[in-house]
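Q: Quick one: structure below, then a few questions.
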Amino acid sequence: PRLTPACAPSRPEGAEFSPRPSHRRTPLLPAGASYSVAYIIMPEKVAIIGSGNWGSAIARIIGVNCARHEDYETTVEMWVFEEQVDGKNLTEIINTTHENVKYLPGVKLPVNVHAEPNLEKAVTGATLLVFVLPHQFLPRTVPNMKNAYAPNARGISLIKGIEFEDNKPMLISDLIKKAMGGMDISVLMGANVANEVAQDQFCESTVGTRDMANGPVWQKLFNYDTFLVNVVNDVPGVELCGALKNVVALGAGFCDGLGLGGNTKAAIIRIGLAETIQFCKMFFSGIKDQTFLESCGVADLITTCYGGRNRKCAEA
């Protein structure tokens, strides 16, 4: 929650004020008088940028948590790219049936999750921005926010992928940070197949943050009975695990397609994990060994190598 000053200094009636060059008006208090400042705890306002399969699945958890925790405003705005489904606007369908019939059919969203087609309106006043859309859409999406979010806003990326700049790997979270004028961006990655999360099948996930003071805010927003969240002080490690595991999954898929057994696939997974660690430490600093034992690391690698889309594609 945010702390906002709520009242002026305590002073005797009739005390004079004198302007200073800073243009603030500061009270001239008699000797012995003191300031008394109260703070109001302002709830965080959450906006979700994206509403696909994973975006809708995570919106279920965010909506429930915002409704039950006083640290967050109850209403959650979810930006939806407007589409027509059976002659109706997708946002209208979501707001009336509380179901994303196109990207997460058969799963109900909390009533406090509001689908909003106007991105600027969706993020207005938001203090917590959840980015969960394909990374290739970021360059044309961010400018449409028009800085409508709160000045002290923080963001978190649920986007799995990697970019390259000057022949060097670049984190998606750094791309967002740059586009958002230096905003603090954390990441959430893990063994989280969207449909299974939406069906409340138990899983874990990992928040990586550079500022551990933001960790509890994100953990409380996402943590749920069937979605256990841990926080680590390692953004690049968490994020790269979420991207590189797809490369290893291709190898696992080739293994299945060639009819090779469990021994071979286990070897591919082990070598892939070792090379992931090597890659992370070669190009980024601050990588924690423990990160690779979190859900974002070995757990996400295992589930992707046995059931992910990249594995299935390679097997075919």
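Order determines the names: the first chain of the structure tokens is A, the second B, and so forth; residues in each chain are numbered 1 upward, and ligands are numbered 1 upward as they are shown.
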What lies within 6 Å of Gly63 (chain A) using only C-alpha atoms, ignoring chain neighbours under 4 positions off, as a ChimeraX atom specification?
A: /A:59,110,113
Q: Taking the DSSP secondary structure from the backbone, can you list the residues of region 159-301 of chain A that are alpha helix (DSSP H), as an MDAnalysis selection string?
A: chainID A and resid 172:179 194:198 215:222 235:257 262:283 300:301
Q: From the set A:Cys305, A:Leu260, A:Leu250, A:Leu240, which residue has the shortest atom-to-atom contact distance to Cys280 (chain A), counting only C-alpha atoms?
A: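 Answer, going by the shortest atom-to-atom distance: A:Leu240.
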Q: Of the candidates A:Val85, A:Leu221, A:Ile268, A:Ala249, which one gets nearest to Arg68 (chain A) if we count only C-alpha atoms?
A: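 Distance minimum relative to Arg68 (chain A) lands on A:Leu221.
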Q: Can you pull out the residues contacting Ile48 (chain A)? Cut-off 10 Å, using only C-alpha atoms, and skip same-chain residues under 2 positions away; I want them as a ChimeraX atom specification.
A: /A:46,50-51,55-56,58-59,62,76-80,113-116,119,122-123,126,128-133,155-156
Q: Excluding same-chain residues fewer than 2 positions from Ala266 (chain A), what lies within 12 Å of it counting only C-alpha atoms, as a list in words?
A: Val248, Ala249, Gly251, Ala252, Cys255, Asp256, Leu260, Gly261, Gly262, Asn263, Thr264, Ile268, Ile269, Arg270, Ile271, Gly272, Leu273, Leu301, Ile302, Cys305 and Tyr306 of chain A
Q: Write out as a ChimeraX atom specification the residues lying within 6 Å of Met189 (chain A), counting only C-alpha atoms and excluding same-chain residues fewer than 5 positions away.
A: /A:205-206,242,296
Q: So which one's closest to Asn223 (chain A), A:Glu163, A:Arg210, A:Glu204, A:Pro143? Using only C-alpha atoms, please.
A: A:Glu204
Q: Where in region 32-121 of chain A does DSSP assign strand (DSSP E or B), given as number ranges by chain?
A: A: 39-42, 44, 46-49, 72, 76-79, 84-85, 88-89, 99, 108, 113-116
Q: Distance CA of Ile277 (chain A)-CA of Glu315 (chain A), one decimal place?
A: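 Pair CA of Ile277 (chain A) / CA of Glu315 (chain A) returns 25.1 Å.
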Q: Find the distance between CA of Asp184 (chain A) and CA of Ala299 (chain A) and write it in Å to one decimal.
A: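 Interatomic distance, CA of Asp184 (chain A) to CA of Ala299 (chain A): 26.4 Å.
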Q: Which residues come within 9 Å of Ala198 (chain A), counting only C-alpha atoms, excluding same-chain residues fewer than 2 positions away, as an MDAnalysis selection string?
A: chainID A and resid 54 56:58 60:61 104 107:108 193:196 200:201
